[in-house]
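Structure file work-v7.cif (mmCIF, C-alpha atoms) follows.
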```cif
data_upload
#
loop_
_atom_site.group_PDB
_atom_site.id
_atom_site.type_symbol
_atom_site.label_atom_id
_atom_site.label_comp_id
_atom_site.auth_asym_id
_atom_site.auth_seq_id
_atom_site.Cartn_x
_atom_site.Cartn_y
_atom_site.Cartn_z
ATOM 1 C CA MET Y 29 37.285 -160.774 116.386
ATOM 2 C CA SER Y 30 35.874 -162.661 113.497
ATOM 3 C CA GLU Y 31 37.340 -166.134 114.014
ATOM 4 C CA GLN Y 32 36.603 -168.396 116.956
ATOM 5 C CA THR Y 33 39.773 -168.643 119.018
ATOM 6 C CA ASP Y 34 40.717 -171.077 121.748
ATOM 7 C CA LEU Y 35 41.891 -169.333 124.889
ATOM 8 C CA PRO Y 36 44.865 -170.639 126.839
ATOM 9 C CA GLU Y 37 43.929 -173.060 129.576
ATOM 10 C CA ALA Y 38 44.046 -171.681 133.080
ATOM 11 C CA GLU Y 39 44.931 -173.779 136.112
ATOM 12 C CA PRO Y 40 41.953 -174.846 138.240
ATOM 13 C CA GLY Y 41 40.768 -171.821 140.196
ATOM 14 C CA ALA Y 42 42.786 -169.413 138.046
ATOM 15 C CA ARG Y 43 41.202 -166.785 135.841
ATOM 16 C CA ARG Y 44 41.469 -165.673 132.250
ATOM 17 C CA ILE Y 45 42.057 -161.935 132.088
ATOM 18 C CA ALA Y 46 42.000 -159.936 128.849
ATOM 19 C CA VAL Y 47 43.515 -156.477 128.732
ATOM 20 C CA LEU Y 48 41.967 -154.928 125.646
ATOM 21 C CA GLY Y 49 42.961 -151.543 124.302
ATOM 22 C CA GLU Y 50 41.057 -149.401 121.878
ATOM 23 C CA MET Y 51 41.418 -150.288 118.218
ATOM 24 C CA LEU Y 52 42.428 -147.155 116.400
ATOM 25 C CA GLU Y 53 41.330 -145.952 112.958
ATOM 26 C CA LEU Y 54 38.032 -147.851 112.682
ATOM 27 C CA GLY Y 55 36.026 -144.734 111.887
ATOM 28 C CA ASP Y 56 32.254 -144.823 112.299
ATOM 29 C CA ALA Y 57 32.288 -148.582 112.919
ATOM 30 C CA ALA Y 58 34.435 -148.191 116.057
ATOM 31 C CA PRO Y 59 31.747 -148.181 118.784
ATOM 32 C CA GLN Y 60 30.015 -151.313 117.473
ATOM 33 C CA ALA Y 61 33.310 -153.086 116.712
ATOM 34 C CA HIS Y 62 34.495 -152.481 120.273
ATOM 35 C CA TRP Y 63 31.204 -153.665 121.780
ATOM 36 C CA ASP Y 64 31.340 -156.794 119.594
ATOM 37 C CA THR Y 65 34.919 -157.500 120.665
ATOM 38 C CA GLY Y 66 34.032 -157.214 124.346
ATOM 39 C CA GLN Y 67 30.993 -159.413 123.806
ATOM 40 C CA GLU Y 68 33.060 -162.094 122.101
ATOM 41 C CA ALA Y 69 35.701 -162.019 124.833
ATOM 42 C CA GLY Y 70 33.005 -162.751 127.394
ATOM 43 C CA GLN Y 71 31.491 -165.480 125.235
ATOM 44 C CA LEU Y 72 34.900 -167.115 124.858
ATOM 45 C CA GLY Y 73 35.226 -167.486 128.612
ATOM 46 C CA VAL Y 74 37.300 -164.484 129.643
ATOM 47 C CA ASP Y 75 36.616 -163.933 133.337
ATOM 48 C CA ILE Y 76 37.816 -160.326 133.582
ATOM 49 C CA VAL Y 77 38.118 -157.744 130.813
ATOM 50 C CA ILE Y 78 40.243 -154.693 131.518
ATOM 51 C CA ALA Y 79 39.356 -152.102 128.886
ATOM 52 C CA VAL Y 80 42.065 -149.485 128.353
ATOM 53 C CA GLY Y 81 41.241 -146.098 126.880
ATOM 54 C CA GLU Y 82 38.316 -143.734 126.633
ATOM 55 C CA GLU Y 83 34.967 -143.908 124.804
ATOM 56 C CA ASN Y 84 35.641 -147.080 122.844
ATOM 57 C CA ALA Y 85 37.029 -148.760 125.966
ATOM 58 C CA LYS Y 86 33.604 -148.189 127.515
ATOM 59 C CA GLN Y 87 32.047 -150.060 124.593
ATOM 60 C CA LEU Y 88 34.503 -152.940 125.074
ATOM 61 C CA ALA Y 89 33.513 -153.117 128.732
ATOM 62 C CA LEU Y 90 29.779 -152.930 128.017
ATOM 63 C CA GLY Y 91 29.967 -155.767 125.509
ATOM 64 C CA ALA Y 92 32.033 -157.919 127.874
ATOM 65 C CA ALA Y 93 29.718 -157.250 130.814
ATOM 66 C CA ASP Y 94 26.710 -158.134 128.666
ATOM 67 C CA ALA Y 95 28.361 -161.508 127.993
ATOM 68 C CA GLY Y 96 28.953 -162.140 131.701
ATOM 69 C CA ALA Y 97 32.570 -161.053 132.191
ATOM 70 C CA ASP Y 98 33.651 -158.870 135.087
ATOM 71 C CA VAL Y 99 34.996 -155.588 133.738
ATOM 72 C CA ALA Y 100 37.189 -152.660 134.650
ATOM 73 C CA ILE Y 101 37.820 -149.537 132.597
ATOM 74 C CA VAL Y 102 41.177 -147.796 132.983
ATOM 75 C CA ALA Y 103 42.604 -144.779 131.215
ATOM 76 C CA ASP Y 104 46.125 -145.898 130.376
ATOM 77 C CA ASN Y 105 48.817 -148.568 130.475
ATOM 78 C CA ALA Y 106 50.201 -147.481 133.853
ATOM 79 C CA THR Y 107 46.771 -147.756 135.474
ATOM 80 C CA ALA Y 108 46.146 -151.123 133.804
ATOM 81 C CA THR Y 109 49.487 -152.382 135.122
ATOM 82 C CA ALA Y 110 48.776 -151.153 138.661
ATOM 83 C CA PHE Y 111 45.327 -152.756 138.598
ATOM 84 C CA LEU Y 112 46.730 -156.071 137.371
ATOM 85 C CA GLU Y 113 49.409 -156.041 140.047
ATOM 86 C CA LYS Y 114 46.646 -155.804 142.660
ATOM 87 C CA ILE Y 115 44.371 -158.531 141.293
ATOM 88 C CA LEU Y 116 46.675 -161.151 139.764
ATOM 89 C CA LYS Y 117 46.791 -164.538 141.425
ATOM 90 C CA PRO Y 118 49.194 -167.405 140.712
ATOM 91 C CA GLY Y 119 48.090 -169.316 137.627
ATOM 92 C CA ASP Y 120 46.028 -166.505 136.083
ATOM 93 C CA VAL Y 121 46.345 -166.213 132.316
ATOM 94 C CA VAL Y 122 46.626 -162.670 130.941
ATOM 95 C CA ILE Y 123 46.042 -161.805 127.304
ATOM 96 C CA ILE Y 124 46.978 -158.283 126.190
ATOM 97 C CA LYS Y 125 45.787 -156.817 122.874
ATOM 98 C CA GLY Y 126 45.374 -153.400 121.312
ATOM 99 C CA SER Y 127 46.466 -151.176 118.466
ATOM 100 C CA ARG Y 128 50.178 -150.612 118.024
ATOM 101 C CA GLY Y 129 49.671 -146.926 118.825
ATOM 102 C CA GLY Y 130 48.409 -147.843 122.304
ATOM 103 C CA MET Y 131 51.694 -149.644 123.095
ATOM 104 C CA ARG Y 132 49.920 -152.239 125.264
ATOM 105 C CA TRP Y 133 53.088 -154.338 125.244
ATOM 106 C CA GLN Y 134 54.284 -151.913 127.925
ATOM 107 C CA ILE Y 135 51.885 -153.599 130.342
ATOM 108 C CA ALA Y 136 53.550 -156.974 129.778
ATOM 109 C CA GLN Y 137 56.987 -155.372 130.035
ATOM 110 C CA ALA Y 138 56.101 -153.735 133.353
ATOM 111 C CA LEU Y 139 54.605 -156.924 134.808
ATOM 112 C CA THR Y 140 57.683 -158.932 133.872
ATOM 113 C CA GLY Y 141 60.209 -156.333 135.047
ATOM 114 C CA GLN Y 142 61.469 -155.380 131.588
ATOM 115 C CA PRO Y 143 62.355 -151.809 130.586
ATOM 116 C CA LEU Y 144 59.436 -150.064 128.882
ATOM 117 C CA THR Y 145 59.876 -149.412 125.187
ATOM 118 C CA GLY Y 146 58.005 -147.126 122.829
ATOM 119 C CA ILE Y 147 57.134 -147.507 119.174
ATOM 120 C CA LEU Y 148 60.584 -146.422 118.004
ATOM 121 C CA SER Y 149 62.671 -147.725 120.887
#
```
Kindly present the structure from the file in structure tokens form.
Amino acid sequence: MSEQTDLPEAEPGARRIAVLGEMLELGDAAPQAHWDTGQEAGQLGVDIVIAVGEENAKQLALGAADAGADVAIVADNATATAFLEKILKPGDVVIIKGSRGGMRWQIAQALTGQPLTGILS
């Protein structure tokens, strides 16, 4: 995340939640890039970061926690969806981002009752 971005406004009392998946194909820079991304999410005012994946998801979460965000680490889209369904409150703003290969759009599809699609469907 190299450019400063304005986050959507949340209603008073609502939270900003970022579901961040691992960024694939970063090579040796991946751990630091994930930590930096989590850190920036926290600095931008994200209240909760849900990191989806494995080792690099841990780096996302560590960076976000260091910047003051609450964090959760989950293994996959289904677990992220189930977690969101438990914690979402009216007015919360959810931002979902990750590599195309992680198919994070499936989380949004599940939360909105749409059929889940894959990369080729």
Quiz prompt | Given the PyMOL selection byres ((chain Y and resi 129) around 10), the residues it picks as a list in words | solution =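 For this structure, the PyMOL selection byres ((chain Y and resi 129) around 10) captures Gly49, Glu50, Met51, Leu52, Gly126, Ser127, Arg128, Gly130, Met131, Arg132, Gly146 and Ile147 of chain Y.
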May I have the selected residues written with C-alpha atoms, as a PDB file, keeping the file's coordinate frame?
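Now in part.pdb:
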```pdb
ATOM      1  CA  GLY Y  49      42.961-151.543 124.302  1.00  0.00           C
ATOM      2  CA  GLU Y  50      41.057-149.401 121.878  1.00  0.00           C
ATOM      3  CA  MET Y  51      41.418-150.288 118.218  1.00  0.00           C
ATOM      4  CA  LEU Y  52      42.428-147.155 116.400  1.00  0.00           C
ATOM      5  CA  GLY Y 126      45.374-153.400 121.312  1.00  0.00           C
ATOM      6  CA  SER Y 127      46.466-151.176 118.466  1.00  0.00           C
ATOM      7  CA  ARG Y 128      50.178-150.612 118.024  1.00  0.00           C
ATOM      8  CA  GLY Y 130      48.409-147.843 122.304  1.00  0.00           C
ATOM      9  CA  MET Y 131      51.694-149.644 123.095  1.00  0.00           C
ATOM     10  CA  ARG Y 132      49.920-152.239 125.264  1.00  0.00           C
ATOM     11  CA  GLY Y 146      58.005-147.126 122.829  1.00  0.00           C
ATOM     12  CA  ILE Y 147      57.134-147.507 119.174  1.00  0.00           C
TER      13      ILE Y 147
END
```
Quiz item: So how far away is atom CA of Gly70 of chain Y from atom CA of Ala100 of chain Y, in Å?
Solution: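 We find that atom CA of Ala100 of chain Y and atom CA of Gly70 of chain Y lie 13.1 Å from each other.
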Exercise. With a distance cut-off of 9 Å and only C-alpha atoms, select the neighbouring residues of Asp98 of chain Y, excluding the residue or stretch itself and same-chain residues fewer than 3 positions from it, and output the selection as a PyMOL selection string.
Key: chain Y and resi 70+74-78+89+92-93
Practice problem: Identify the residues within 9 Å of coordinate (55.4, -155.0, 125.0) (same frame as the file), considering only C-alpha atoms, and give the answer as a list in words. | Solution: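 It turns out the residues near that spot are Met131, Arg132, Trp133, Gln134, Ile135, Ala136, Gln137, Ala138, Gln142, Leu144, Thr145 and Gly146 of chain Y.
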Self-check item: Residues in the PyMOL selection byres ((chain Y and resi 107) around 12), expressed as a list in words
Solution: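 Taken over the shown coordinates, the PyMOL selection byres ((chain Y and resi 107) around 12) returns Val47, Ile78, Ala79, Val80, Gly81, Ala100, Ile101, Val102, Ala103, Asp104, Asn105, Ala106, Ala108, Thr109, Ala110, Phe111, Leu112, Glu113, Lys114, Arg132, Gln134, Ile135 and Ala138 of chain Y.
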Quiz item: Can you tell me how far atom CA of Gln87 of chain Y sits from atom CA of His62 of chain Y, in Å to one decimal?
Solution: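 Result for atom CA of Gln87 of chain Y versus atom CA of His62 of chain Y: 5.5 Å, one decimal.
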